[in-house]
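Okay, target-v1.cif now, which holds mmCIF, C-alpha atoms and all ligand atoms:
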```cif
data_entry
#
loop_
_atom_site.label_atom_id
_atom_site.label_comp_id
_atom_site.auth_asym_id
_atom_site.auth_seq_id
_atom_site.Cartn_x
_atom_site.Cartn_y
_atom_site.Cartn_z
CA MET A 1197 -44.20 -6.65 -23.96
CA LEU A 1198 -41.37 -8.97 -25.08
CA GLU A 1199 -39.38 -10.31 -22.19
CA ILE A 1200 -36.29 -12.44 -22.54
CA ARG A 1201 -35.32 -13.91 -19.18
CA ASN A 1202 -31.92 -15.41 -18.50
CA VAL A 1203 -31.70 -17.07 -21.91
CA ASP A 1204 -28.73 -19.17 -22.93
CA LYS A 1205 -28.03 -20.82 -26.26
CA VAL A 1206 -25.47 -23.58 -26.55
CA TYR A 1207 -25.03 -25.31 -29.92
CA GLN A 1208 -23.96 -28.94 -29.63
CA SER A 1209 -22.62 -30.46 -32.83
CA ARG A 1210 -21.38 -34.04 -32.87
CA GLY A 1211 -17.59 -34.26 -32.74
CA LYS A 1212 -17.18 -30.54 -32.08
CA PRO A 1213 -16.85 -28.53 -28.88
CA PRO A 1214 -20.12 -26.84 -27.81
CA VAL A 1215 -20.57 -23.19 -28.83
CA HIS A 1216 -22.02 -20.92 -26.15
CA ALA A 1217 -23.62 -18.39 -28.53
CA VAL A 1218 -25.83 -16.45 -26.07
CA ARG A 1219 -25.22 -16.10 -22.34
CA ALA A 1220 -27.71 -15.18 -19.61
CA LEU A 1221 -29.58 -12.74 -21.84
CA ASP A 1222 -32.11 -10.48 -20.11
CA MET A 1223 -34.01 -7.96 -22.21
CA LYS A 1224 -37.38 -6.23 -22.12
CA VAL A 1225 -38.80 -4.57 -25.22
CA GLY A 1226 -41.83 -2.32 -24.88
CA LYS A 1227 -44.87 -2.30 -27.15
CA GLY A 1228 -44.23 -0.17 -30.22
CA GLU A 1229 -40.53 0.00 -29.51
CA ILE A 1230 -37.92 -0.44 -32.25
CA VAL A 1231 -34.75 -2.12 -31.06
CA ALA A 1232 -31.46 -2.77 -32.85
CA LEU A 1233 -29.20 -5.70 -32.00
CA LEU A 1234 -25.73 -4.43 -32.78
CA GLY A 1235 -22.43 -6.25 -32.55
CA SER A 1236 -19.61 -7.81 -34.47
CA SER A 1237 -19.91 -11.00 -36.48
CA GLY A 1238 -20.59 -14.10 -34.38
CA CYS A 1239 -21.66 -12.24 -31.22
CA GLY A 1240 -25.03 -14.01 -31.07
CA LYS A 1241 -27.44 -11.59 -32.78
CA THR A 1242 -28.98 -14.03 -35.24
CA SER A 1243 -29.19 -16.78 -32.62
CA THR A 1244 -31.17 -14.38 -30.42
CA LEU A 1245 -33.64 -13.55 -33.20
CA ARG A 1246 -34.04 -17.17 -34.18
CA MET A 1247 -34.80 -18.19 -30.59
CA ILE A 1248 -37.49 -15.49 -30.37
CA ALA A 1249 -38.97 -16.60 -33.70
CA GLY A 1250 -38.80 -20.27 -32.75
CA PHE A 1251 -36.34 -21.49 -35.37
CA GLU A 1252 -33.85 -22.35 -32.63
CA SER A 1253 -34.68 -23.76 -29.21
CA VAL A 1254 -33.53 -21.95 -26.07
CA THR A 1255 -31.03 -24.00 -24.06
CA SER A 1256 -32.32 -22.42 -20.84
CA GLY A 1257 -34.37 -19.41 -19.80
CA ALA A 1258 -37.76 -18.12 -20.91
CA ILE A 1259 -39.27 -15.82 -23.54
CA THR A 1260 -42.68 -14.21 -23.12
CA LEU A 1261 -44.58 -12.05 -25.59
CA GLY A 1262 -47.50 -10.14 -24.07
CA GLN A 1263 -48.85 -12.56 -21.50
CA ARG A 1264 -47.82 -15.64 -23.49
CA ARG A 1265 -44.80 -17.82 -22.82
CA ILE A 1266 -43.65 -18.47 -26.38
CA ASP A 1267 -40.33 -20.28 -26.18
CA GLU A 1268 -41.97 -23.69 -26.32
CA LEU A 1269 -44.53 -22.84 -29.03
CA PRO A 1270 -43.98 -23.76 -32.67
CA PRO A 1271 -42.95 -20.72 -34.80
CA ALA A 1272 -46.34 -20.45 -36.53
CA ARG A 1273 -48.13 -19.96 -33.20
CA ARG A 1274 -45.90 -17.21 -31.83
CA LYS A 1275 -47.40 -14.27 -33.81
CA VAL A 1276 -43.88 -13.26 -34.74
CA ALA A 1277 -42.94 -12.27 -38.31
CA MET A 1278 -39.33 -12.64 -39.37
CA ALA A 1279 -37.31 -11.49 -42.38
CA PHE A 1280 -34.34 -13.83 -42.71
CA GLU A 1281 -30.77 -12.89 -43.51
CA GLY A 1282 -30.74 -15.59 -46.24
CA TYR A 1283 -34.18 -14.44 -47.57
CA SER A 1284 -35.72 -18.00 -47.63
CA LEU A 1285 -38.08 -17.20 -50.52
CA TYR A 1286 -40.10 -20.03 -52.12
CA PRO A 1287 -38.56 -20.60 -55.58
CA PRO A 1288 -41.71 -21.94 -57.34
CA LEU A 1289 -43.78 -18.91 -56.30
CA THR A 1290 -43.69 -15.46 -57.88
CA VAL A 1291 -42.75 -12.46 -55.77
CA ARG A 1292 -46.44 -11.57 -55.38
CA GLU A 1293 -47.27 -15.14 -54.31
CA ASN A 1294 -44.35 -15.20 -51.89
CA ILE A 1295 -45.61 -12.08 -50.13
CA ALA A 1296 -49.26 -13.16 -50.26
CA PHE A 1297 -48.31 -16.56 -48.81
CA ALA A 1298 -47.45 -14.84 -45.54
CA LEU A 1299 -51.08 -13.68 -45.33
CA LYS A 1300 -52.58 -17.13 -45.84
CA ALA A 1301 -53.22 -17.82 -42.18
CA GLN A 1302 -55.06 -14.52 -41.77
CA GLN A 1303 -57.96 -15.58 -44.04
CA LEU A 1304 -58.35 -12.25 -45.78
CA SER A 1305 -60.41 -11.60 -48.91
CA HIS A 1306 -58.65 -11.79 -52.25
CA GLY A 1307 -59.04 -8.02 -52.67
CA GLU A 1308 -57.56 -7.28 -49.26
CA VAL A 1309 -54.55 -9.54 -49.91
CA SER A 1310 -53.92 -7.76 -53.23
CA ARG A 1311 -54.26 -4.35 -51.64
CA ARG A 1312 -51.79 -5.20 -48.86
CA VAL A 1313 -49.27 -6.79 -51.20
CA ASP A 1314 -49.39 -3.79 -53.53
CA ALA A 1315 -48.97 -1.33 -50.67
CA ILE A 1316 -45.95 -3.05 -49.14
CA ALA A 1317 -44.41 -3.63 -52.59
CA ARG A 1318 -44.69 0.10 -53.26
CA LEU A 1319 -43.06 0.89 -49.93
CA VAL A 1320 -39.97 -1.24 -50.65
CA GLU A 1321 -39.97 -0.45 -54.40
CA ILE A 1322 -40.57 -3.88 -55.88
CA GLU A 1323 -43.87 -3.25 -57.74
CA ASP A 1324 -42.20 -3.91 -61.07
CA ILE A 1325 -41.03 -7.43 -60.16
CA LEU A 1326 -44.20 -8.78 -58.54
CA ASP A 1327 -44.69 -11.31 -61.36
CA SER A 1328 -41.03 -12.46 -61.40
CA TYR A 1329 -39.65 -15.57 -59.74
CA PRO A 1330 -36.99 -15.32 -57.00
CA ARG A 1331 -34.25 -16.86 -59.16
CA SER A 1332 -34.60 -14.12 -61.78
CA ILE A 1333 -34.19 -11.14 -59.43
CA SER A 1334 -31.10 -9.67 -57.77
CA GLY A 1335 -29.94 -10.27 -54.18
CA GLY A 1336 -31.02 -6.77 -53.19
CA GLN A 1337 -34.48 -7.36 -54.67
CA GLN A 1338 -34.78 -10.73 -52.92
CA GLN A 1339 -33.92 -9.00 -49.68
CA ARG A 1340 -36.70 -6.47 -50.19
CA VAL A 1341 -39.18 -9.28 -50.98
CA SER A 1342 -38.20 -11.00 -47.75
CA LEU A 1343 -38.69 -7.72 -45.87
CA ALA A 1344 -42.08 -7.15 -47.54
CA ARG A 1345 -43.16 -10.69 -46.67
CA ALA A 1346 -42.48 -10.04 -42.99
CA LEU A 1347 -43.93 -6.53 -42.82
CA VAL A 1348 -47.15 -7.39 -44.69
CA ARG A 1349 -48.32 -9.66 -41.87
CA ASP A 1350 -50.24 -8.77 -38.74
CA ALA A 1351 -47.93 -9.88 -35.95
CA ASP A 1352 -47.18 -8.96 -32.35
CA LEU A 1353 -43.47 -8.68 -33.10
CA TYR A 1354 -41.35 -8.17 -36.24
CA LEU A 1355 -37.82 -9.57 -36.40
CA LEU A 1356 -35.61 -8.31 -39.21
CA ASP A 1357 -32.19 -9.89 -39.71
CA GLU A 1358 -29.86 -7.47 -41.52
CA PRO A 1359 -32.92 -6.18 -43.41
CA MET A 1360 -31.05 -3.83 -45.73
CA GLY A 1361 -27.53 -5.28 -45.85
CA GLN A 1362 -27.60 -5.89 -49.61
CA LEU A 1363 -28.96 -2.51 -50.66
CA GLU A 1364 -27.00 0.40 -52.02
CA PRO A 1365 -26.60 3.34 -49.64
CA GLN A 1366 -29.12 5.68 -51.25
CA LEU A 1367 -31.96 3.16 -51.39
CA ARG A 1368 -31.04 2.03 -47.90
CA ALA A 1369 -31.46 5.53 -46.55
CA VAL A 1370 -34.82 5.98 -48.29
CA LEU A 1371 -36.18 2.62 -47.13
CA ARG A 1372 -34.94 3.19 -43.62
CA GLY A 1373 -37.07 6.33 -43.41
CA ARG A 1374 -40.12 4.61 -44.89
CA ILE A 1375 -39.84 1.53 -42.70
CA LYS A 1376 -39.46 3.64 -39.60
CA GLY A 1377 -42.56 5.58 -40.69
CA LEU A 1378 -44.54 2.35 -41.21
CA LEU A 1379 -43.48 0.85 -37.87
CA ALA A 1380 -44.31 4.06 -36.00
CA GLU A 1381 -47.64 4.64 -37.77
CA ARG A 1382 -48.87 1.14 -36.95
CA GLY A 1383 -47.25 0.98 -33.51
CA MET A 1384 -45.37 -2.17 -34.54
CA THR A 1385 -42.79 -3.66 -32.18
CA ALA A 1386 -39.61 -4.62 -33.99
CA ILE A 1387 -36.13 -5.95 -33.37
CA PHE A 1388 -33.61 -5.78 -36.16
CA VAL A 1389 -30.07 -7.03 -36.45
CA THR A 1390 -27.37 -4.85 -37.93
CA HIS A 1391 -23.62 -4.35 -38.08
CA ASP A 1392 -24.15 -0.75 -39.02
CA GLN A 1393 -24.20 1.89 -36.29
CA THR A 1394 -25.73 4.53 -38.56
CA GLU A 1395 -28.60 2.19 -39.34
CA ALA A 1396 -29.04 1.32 -35.68
CA SER A 1397 -29.12 5.01 -34.69
CA ALA A 1398 -31.44 6.01 -37.52
CA LEU A 1399 -34.06 3.30 -36.98
CA ALA A 1400 -33.96 2.23 -33.36
CA ASP A 1401 -35.31 3.75 -30.16
CA ARG A 1402 -32.82 1.65 -28.20
CA ILE A 1403 -29.73 -0.31 -29.18
CA ALA A 1404 -28.66 -3.60 -27.60
CA VAL A 1405 -24.89 -3.95 -27.94
CA MET A 1406 -23.73 -7.58 -27.85
CA GLU A 1407 -20.29 -9.10 -27.72
CA ASP A 1408 -19.30 -12.71 -27.36
CA GLY A 1409 -22.86 -13.79 -26.56
CA VAL A 1410 -23.22 -11.24 -23.75
CA LEU A 1411 -25.46 -8.17 -23.76
CA GLN A 1412 -23.10 -5.33 -22.91
CA GLN A 1413 -25.58 -2.47 -22.71
CA PHE A 1414 -29.16 -1.77 -23.83
CA ALA A 1415 -29.83 1.94 -24.14
CA SER A 1416 -30.47 4.86 -26.48
CA GLU A 1417 -27.70 5.88 -28.84
CA ARG A 1418 -27.11 8.99 -26.78
CA GLU A 1419 -26.79 7.04 -23.55
CA LEU A 1420 -24.39 4.57 -25.19
CA LYS A 1421 -22.21 7.46 -26.31
CA GLU A 1422 -22.40 9.55 -23.18
CA ARG A 1423 -22.57 6.83 -20.56
CA PRO A 1424 -20.96 3.66 -21.94
CA ALA A 1425 -21.22 0.82 -19.43
CA ASN A 1426 -17.77 -0.54 -20.15
CA LEU A 1427 -14.67 -0.38 -22.32
CA PHE A 1428 -16.23 -2.55 -25.01
CA VAL A 1429 -19.20 -0.23 -25.56
CA ALA A 1430 -16.99 2.85 -25.25
CA SER A 1431 -14.69 1.70 -28.01
CA PHE A 1432 -17.37 0.05 -30.19
CA ILE A 1433 -19.84 2.95 -30.37
CA GLY A 1434 -18.82 6.20 -32.02
CA GLU A 1435 -16.73 7.00 -35.03
CA PRO A 1436 -13.76 7.37 -34.85
CA PRO A 1437 -13.65 5.33 -31.63
CA MET A 1438 -13.04 6.79 -28.21
CA ASN A 1439 -9.37 7.44 -27.39
CA LEU A 1440 -8.21 5.20 -24.54
CA LEU A 1441 -5.13 6.06 -22.48
CA GLU A 1442 -3.32 4.47 -19.56
CA THR A 1443 -2.78 7.06 -16.84
CA GLU A 1444 -1.11 7.12 -13.46
CA VAL A 1445 -3.31 7.89 -10.47
CA SER A 1446 -2.42 9.91 -7.39
CA SER A 1447 -4.50 11.62 -4.70
CA ALA A 1448 -4.45 15.39 -4.76
CA ASP A 1449 -6.44 18.28 -3.26
CA GLY A 1450 -9.43 16.18 -2.25
CA GLY A 1451 -9.62 14.62 -5.68
CA ILE A 1452 -7.62 12.49 -8.02
CA ARG A 1453 -4.75 13.49 -10.25
CA LEU A 1454 -4.30 11.57 -13.49
CA SER A 1455 -0.92 11.80 -15.18
CA VAL A 1456 -0.93 11.24 -18.91
CA GLY A 1457 2.71 10.75 -19.83
CA ALA A 1458 5.54 12.87 -18.51
CA ASP A 1459 4.09 16.33 -18.10
CA VAL A 1460 0.33 16.32 -18.62
CA THR A 1461 -2.02 15.99 -15.67
CA CYS A 1462 -5.77 16.20 -15.25
CA GLN A 1463 -7.42 16.88 -11.92
CA ILE A 1464 -10.66 15.00 -11.25
CA GLU A 1465 -12.62 16.64 -8.47
CA GLY A 1466 -13.67 14.36 -5.66
CA ARG A 1467 -17.32 15.48 -5.86
CA THR A 1468 -17.61 14.10 -9.40
CA LEU A 1469 -16.69 10.60 -8.21
CA GLU A 1470 -19.03 8.11 -6.60
CA GLN A 1471 -17.77 6.59 -3.40
CA THR A 1472 -17.01 3.18 -4.92
CA ALA A 1473 -15.08 4.85 -7.75
CA ARG A 1474 -13.09 6.95 -5.29
CA GLN A 1475 -12.26 3.91 -3.19
CA MET A 1476 -11.18 2.00 -6.26
CA LEU A 1477 -8.98 4.88 -7.45
CA GLU A 1478 -7.38 5.20 -4.02
CA ARG A 1479 -6.29 1.57 -4.24
CA THR A 1480 -4.87 1.61 -7.76
CA ALA A 1481 -1.79 3.14 -9.34
CA ARG A 1482 -3.01 3.15 -12.93
CA VAL A 1483 -6.36 3.65 -14.59
CA ARG A 1484 -7.61 3.63 -18.16
CA VAL A 1485 -9.29 6.85 -19.28
CA GLY A 1486 -11.32 7.50 -22.41
CA ILE A 1487 -12.06 10.70 -24.30
CA ARG A 1488 -14.16 11.07 -27.45
CA PRO A 1489 -12.25 12.51 -30.43
CA GLN A 1490 -14.87 15.27 -30.69
CA LYS A 1491 -14.02 16.42 -27.15
CA ILE A 1492 -10.31 17.05 -27.77
CA THR A 1493 -9.57 20.64 -28.70
CA VAL A 1494 -7.06 21.21 -31.48
CA GLY A 1495 -4.81 24.28 -31.46
CA SER A 1496 -5.02 25.00 -27.73
CA GLY A 1497 -4.38 23.02 -24.55
CA GLY A 1498 -1.54 21.49 -22.62
CA VAL A 1499 -0.72 18.35 -24.62
CA ARG A 1500 1.90 18.97 -27.28
CA VAL A 1501 1.43 16.29 -29.93
CA ARG A 1502 3.42 15.46 -33.03
CA VAL A 1503 0.95 15.33 -35.95
CA VAL A 1504 0.80 11.89 -37.54
CA SER A 1505 -1.99 12.61 -40.03
CA ASN A 1506 -4.45 15.37 -40.77
CA GLN A 1507 -7.45 14.76 -42.99
CA TRP A 1508 -10.14 17.22 -44.00
CA LEU A 1509 -13.36 15.29 -44.76
CA GLY A 1510 -15.32 18.17 -46.22
CA ASP A 1511 -17.06 19.10 -42.98
CA GLN A 1512 -14.59 18.06 -40.29
CA SER A 1513 -10.90 17.41 -39.71
CA HIS A 1514 -9.55 14.18 -38.26
CA VAL A 1515 -6.17 14.90 -36.72
CA ALA A 1516 -4.03 12.11 -35.30
CA GLY A 1517 -1.26 13.19 -32.94
CA GLU A 1518 1.37 11.29 -31.00
CA TYR A 1519 2.26 12.23 -27.46
CA ASP A 1520 4.71 10.28 -25.31
CA GLY A 1521 4.11 7.06 -27.24
CA ARG A 1522 0.31 7.46 -27.21
CA LEU A 1523 -1.83 8.11 -30.27
CA LEU A 1524 -4.69 10.57 -29.90
CA ILE A 1525 -7.35 11.21 -32.55
CA ALA A 1526 -9.16 14.53 -32.51
CA VAL A 1527 -12.17 15.55 -34.61
CA THR A 1528 -12.95 19.21 -35.12
CA PRO A 1529 -15.28 21.10 -37.46
CA ASN A 1530 -12.40 23.46 -38.35
CA LYS A 1531 -9.90 23.03 -41.14
CA ILE A 1532 -6.49 22.53 -39.54
CA ALA A 1533 -3.34 23.67 -41.34
CA ALA A 1534 -0.90 21.29 -39.58
CA ARG A 1535 1.25 18.81 -41.53
CA PRO A 1536 2.64 15.46 -40.37
CA GLY A 1537 5.64 16.08 -38.10
CA ASP A 1538 4.39 19.47 -36.86
CA ILE A 1539 4.06 19.96 -33.10
CA ILE A 1540 0.63 21.36 -32.14
CA PRO A 1541 -1.34 21.59 -28.89
CA PHE A 1542 -4.31 19.32 -28.07
CA GLY A 1543 -6.54 20.06 -25.09
CA LEU A 1544 -7.99 17.37 -22.78
CA GLU A 1545 -10.40 18.53 -20.10
CA ALA A 1546 -11.04 16.49 -16.99
CA ARG A 1547 -14.82 16.86 -17.37
CA HIS A 1548 -14.68 15.00 -20.70
CA LEU A 1549 -12.88 11.95 -19.33
CA HIS A 1550 -14.49 8.55 -18.76
CA LEU A 1551 -12.65 6.33 -16.26
CA PHE A 1552 -12.62 2.54 -16.47
CA GLY A 1553 -11.89 0.09 -13.67
CA ALA A 1554 -9.56 -2.88 -14.03
CA ASP A 1555 -12.43 -5.15 -15.17
CA GLY A 1556 -13.40 -2.66 -17.90
CA THR A 1557 -16.50 -1.27 -16.14
CA CYS A 1558 -16.95 2.47 -16.45
CA ILE A 1559 -16.51 3.91 -12.94
CA ARG A 1560 -16.93 7.57 -13.86
CA HIS A 1561 -18.61 9.03 -16.94
CA ALA A 1562 -17.67 12.26 -18.62
CA GLU A 1563 -19.98 15.12 -17.74
CA ALA A 1564 -22.81 15.48 -20.30
CA ALA A 1565 -22.05 17.87 -23.19
N1 LIG B 1601 -26.36 -23.97 -36.01
C1 LIG B 1601 -25.21 -23.68 -35.41
N2 LIG B 1601 -24.40 -24.65 -34.95
C2 LIG B 1601 -23.24 -24.40 -34.30
N3 LIG B 1601 -22.81 -23.14 -34.06
C3 LIG B 1601 -23.56 -22.10 -34.49
C4 LIG B 1601 -24.81 -22.33 -35.18
N4 LIG B 1601 -25.34 -21.12 -35.49
C5 LIG B 1601 -24.49 -20.18 -35.00
N5 LIG B 1601 -23.43 -20.77 -34.41
C6 LIG B 1601 -22.30 -20.10 -33.72
O1 LIG B 1601 -22.85 -19.29 -32.69
C7 LIG B 1601 -22.15 -18.06 -32.58
C8 LIG B 1601 -23.14 -16.92 -32.75
O2 LIG B 1601 -23.64 -16.94 -34.08
P1 LIG B 1601 -24.75 -15.92 -34.61
O3 LIG B 1601 -25.07 -16.28 -36.03
O4 LIG B 1601 -25.86 -15.85 -33.65
O5 LIG B 1601 -23.94 -14.55 -34.56
P2 LIG B 1601 -24.24 -13.16 -35.29
O6 LIG B 1601 -23.89 -12.12 -34.32
O7 LIG B 1601 -25.63 -13.15 -35.83
O8 LIG B 1601 -23.19 -13.20 -36.49
P3 LIG B 1601 -23.33 -12.56 -37.97
O9 LIG B 1601 -23.43 -11.10 -37.79
O10 LIG B 1601 -22.07 -13.01 -38.63
O11 LIG B 1601 -24.58 -13.18 -38.58
C9 LIG B 1601 -21.06 -18.11 -33.64
O12 LIG B 1601 -19.88 -18.55 -33.02
C10 LIG B 1601 -21.56 -19.13 -34.63
O13 LIG B 1601 -20.50 -19.74 -35.30
#
```

Reformat the file's structure so that it appears as structure tokens.
Ligand SMILES: Nc1ncnc2c1ncn2[C@@H]1O[C@H](COP(=O)(O)OP(=O)(O)OP(=O)(O)O)[C@@H](O)[C@H]1O
Amino acid sequence: MLEIRNVDKVYQSRGKPPVHAVRALDMKVGKGEIVALLGSSGCGKTSTLRMIAGFESVTSGAITLGQRRIDELPPARRKVAMAFEGYSLYPPLTVRENIAFALKAQQLSHGEVSRRVDAIARLVEIEDILDSYPRSISGGQQQRVSLARALVRDADLYLLDEPMGQLEPQLRAVLRGRIKGLLAERGMTAIFVTHDQTEASALADRIAVMEDGVLQQFASERELKERPANLFVASFIGEPPMNLLETEVSSADGGIRLSVGADVTCQIEGRTLEQTARQMLERTARVRVGIRPQKITVGSGGVRVRVVSNQWLGDQSHVAGEYDGRLLIAVTPNKIAARPGDIIPFGLEARHLHLFGADGTCIRHAEAA
């Protein structure tokens, strides 16, 4: 329904080097789909939203919404509603008037406008400030007004830039649930920007991970965790991050032997490797492997680690252990008695290892849980 084709954004400011904020972006978002744009600060998320909404021009490429090419239309003709990171409320208008203003173009009756404003205000819990002016309400309230002003409209696409960044965690969790309910009930298509993985996972059907202006992977949370496309996604998604280790590669028994340090080896069976991966491994002496902290067993296995830290978080232990100059983090639901300095076993199984090629691409994924 929304299609972004080979879009680039280069900012040219006089006297400064150009900034290539978005590079060759290709993305398709289905009708009724909720998508999160996730990435670190400056990776191009806001630029992407603003190009879709029409507040920034595309440097090259095309954007279509339904059957319409929209990247050359003025913002008001795109049928796209956007909640801005900086709120952009109109200071001389009350909160009610700010939200109602968004409905002006729809030529609704006075009663219908009131009904819609009241309903959306209830949903984001701002009924009690409808007669206030933006300057007299808090940042978190302004953010909710901005969100209400976008969601109250009838639009083909909703763009929400850090929609709940200013809210306290409890309210955030409640609103997340309600907004997801509203979007699903009305079959609304939405793209929201966030830094927060929990928020992305809770709200979105699919997550687009961006870094340095480049879309790294666009997939469900599960797919991102189980089948990361590259080292960036592997280390960015998941908490604590995936453990990454340099290993030495040798051929053995029809498969590949990976040596982790002096006396730990893992045997990867040939049948679990695609031909290109096998060829690549035959030509290289070292390869980077990744294992999720949740997949390392604590208390059994062949890697004897020296405990660096051991924290019980109420429902899981995070144990950091050092082995042959490498730090491994394990997460287990059990309470572990070890103290820093103790030597305990960690277990790494070959089926849980992701392998990454020299350019960072994942050449072999761990077997699914
Ligand atoms: N108007 C502009 N002129 C010049 N450079 C810009 C402009 N807007 C953004 N940039 C640059 O483009 C890059 C991408 O910025 P963008 O705001 O899209 O990133 P972001 O991922 O949304 O970051 P954040 O999460 O901090 O909002 C950054 O290097 C930023 O400094």

**Selection within 7 Å of ligand LIG 1601 (chain B) by all atoms listed in the file, output as a count of residues only** = 18

**Message:** Would you pick out the contacts of Ile1316 of chain A at 8 Å or less, using all atoms listed in the file, so that residues sharing its chain but fewer than 6 positions from it are not included, and give the list as a ChimeraX atom specification?
**Reply:** /A:1344,1347-1348

**Asked** Separation of atom CA of Asp1357 of chain A and atom CA of Leu1319 of chain A, in Å?
**Response**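 Here the two named atoms are 18.4 Å from each other.
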
**Message:** Quick check, in Å to one decimal: how far apart do atom CA of Leu1198 of chain A and atom CA of Val1225 of chain A lie?
**Reply:**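 Separating atom CA of Leu1198 of chain A from atom CA of Val1225 of chain A is a distance of 5.1 Å.
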
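Of the listed residues A:Gln1413, A:Gln1463, A:Asn1294, A:Gln1302, the one whose atoms come nearest to Gly1450 of chain A is A:Gln1463, with distances taken using all atoms listed in the file.
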
**Request:** Quick one: everything within 9 Å of Val1291 of chain A, counting all atoms listed in the file, minus sequence neighbours fewer than 6 positions away in the same chain. Send it as a PyMOL selection string.
**Result:** chain A and resi 1285+1322+1325-1330+1338+1341

Selected residues written out, C-alpha atoms, as an mmCIF file, keeping the file's coordinate frame:
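Generated output (result-v3.cif):
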```
data_model
loop_
_atom_site.group_PDB
_atom_site.id
_atom_site.type_symbol
_atom_site.label_atom_id
_atom_site.label_comp_id
_atom_site.auth_asym_id
_atom_site.auth_seq_id
_atom_site.Cartn_x
_atom_site.Cartn_y
_atom_site.Cartn_z
ATOM 1 C CA LEU A 1285 -38.080 -17.200 -50.520
ATOM 2 C CA ILE A 1322 -40.570 -3.880 -55.880
ATOM 3 C CA ILE A 1325 -41.030 -7.430 -60.160
ATOM 4 C CA LEU A 1326 -44.200 -8.780 -58.540
ATOM 5 C CA ASP A 1327 -44.690 -11.310 -61.360
ATOM 6 C CA SER A 1328 -41.030 -12.460 -61.400
ATOM 7 C CA TYR A 1329 -39.650 -15.570 -59.740
ATOM 8 C CA PRO A 1330 -36.990 -15.320 -57.000
ATOM 9 C CA GLN A 1338 -34.780 -10.730 -52.920
ATOM 10 C CA VAL A 1341 -39.180 -9.280 -50.980
#
```

At most 12 Å from (-9.1, 15.4, -38.6), file frame, all atoms listed in the file: which residues, as a PDB file with C-alpha atoms, in the coordinates of the input?
```pdb
ATOM      1  CA  GLU A1435     -16.730   7.000 -35.030  1.00  0.00           C
ATOM      2  CA  PRO A1436     -13.760   7.370 -34.850  1.00  0.00           C
ATOM      3  CA  PRO A1489     -12.250  12.510 -30.430  1.00  0.00           C
ATOM      4  CA  GLN A1490     -14.870  15.270 -30.690  1.00  0.00           C
ATOM      5  CA  ILE A1492     -10.310  17.050 -27.770  1.00  0.00           C
ATOM      6  CA  THR A1493      -9.570  20.640 -28.700  1.00  0.00           C
ATOM      7  CA  VAL A1494      -7.060  21.210 -31.480  1.00  0.00           C
ATOM      8  CA  VAL A1503       0.950  15.330 -35.950  1.00  0.00           C
ATOM      9  CA  VAL A1504       0.800  11.890 -37.540  1.00  0.00           C
ATOM     10  CA  SER A1505      -1.990  12.610 -40.030  1.00  0.00           C
ATOM     11  CA  ASN A1506      -4.450  15.370 -40.770  1.00  0.00           C
ATOM     12  CA  GLN A1507      -7.450  14.760 -42.990  1.00  0.00           C
ATOM     13  CA  TRP A1508     -10.140  17.220 -44.000  1.00  0.00           C
ATOM     14  CA  LEU A1509     -13.360  15.290 -44.760  1.00  0.00           C
ATOM     15  CA  GLY A1510     -15.320  18.170 -46.220  1.00  0.00           C
ATOM     16  CA  ASP A1511     -17.060  19.100 -42.980  1.00  0.00           C
ATOM     17  CA  GLN A1512     -14.590  18.060 -40.290  1.00  0.00           C
ATOM     18  CA  SER A1513     -10.900  17.410 -39.710  1.00  0.00           C
ATOM     19  CA  HIS A1514      -9.550  14.180 -38.260  1.00  0.00           C
ATOM     20  CA  VAL A1515      -6.170  14.900 -36.720  1.00  0.00           C
ATOM     21  CA  ALA A1516      -4.030  12.110 -35.300  1.00  0.00           C
ATOM     22  CA  GLY A1517      -1.260  13.190 -32.940  1.00  0.00           C
ATOM     23  CA  LEU A1524      -4.690  10.570 -29.900  1.00  0.00           C
ATOM     24  CA  ILE A1525      -7.350  11.210 -32.550  1.00  0.00           C
ATOM     25  CA  ALA A1526      -9.160  14.530 -32.510  1.00  0.00           C
ATOM     26  CA  VAL A1527     -12.170  15.550 -34.610  1.00  0.00           C
ATOM     27  CA  THR A1528     -12.950  19.210 -35.120  1.00  0.00           C
ATOM     28  CA  PRO A1529     -15.280  21.100 -37.460  1.00  0.00           C
ATOM     29  CA  ASN A1530     -12.400  23.460 -38.350  1.00  0.00           C
ATOM     30  CA  LYS A1531      -9.900  23.030 -41.140  1.00  0.00           C
ATOM     31  CA  ILE A1532      -6.490  22.530 -39.540  1.00  0.00           C
ATOM     32  CA  ALA A1533      -3.340  23.670 -41.340  1.00  0.00           C
ATOM     33  CA  ALA A1534      -0.900  21.290 -39.580  1.00  0.00           C
ATOM     34  CA  ARG A1535       1.250  18.810 -41.530  1.00  0.00           C
ATOM     35  CA  PRO A1536       2.640  15.460 -40.370  1.00  0.00           C
TER      36      PRO A1536
END
```

**Message:** List as JSON, numbers by chain the protein and nucleic acid residues near Asp1267 of chain A, meaning an atom at most 10 Å away when only C-alpha atoms are counted, but skip any in the same chain fewer than 6 places from it.
**Reply:** {"A": [1200, 1247, 1248, 1249, 1250, 1252, 1253, 1254, 1256, 1257, 1258, 1259, 1260, 1261, 1274]}

How would the residues just picked look written out with C-alpha atoms as a short mmCIF file (atom, residue, chain, number, x, y, z; two decimals), in the frame of the given file?
```
data_model
loop_
_atom_site.label_atom_id
_atom_site.label_comp_id
_atom_site.auth_asym_id
_atom_site.auth_seq_id
_atom_site.Cartn_x
_atom_site.Cartn_y
_atom_site.Cartn_z
CA ILE A 1200 -36.29 -12.44 -22.54
CA MET A 1247 -34.80 -18.19 -30.59
CA ILE A 1248 -37.49 -15.49 -30.37
CA ALA A 1249 -38.97 -16.60 -33.70
CA GLY A 1250 -38.80 -20.27 -32.75
CA GLU A 1252 -33.85 -22.35 -32.63
CA SER A 1253 -34.68 -23.76 -29.21
CA VAL A 1254 -33.53 -21.95 -26.07
CA SER A 1256 -32.32 -22.42 -20.84
CA GLY A 1257 -34.37 -19.41 -19.80
CA ALA A 1258 -37.76 -18.12 -20.91
CA ILE A 1259 -39.27 -15.82 -23.54
CA THR A 1260 -42.68 -14.21 -23.12
CA LEU A 1261 -44.58 -12.05 -25.59
CA ARG A 1274 -45.90 -17.21 -31.83
#
```
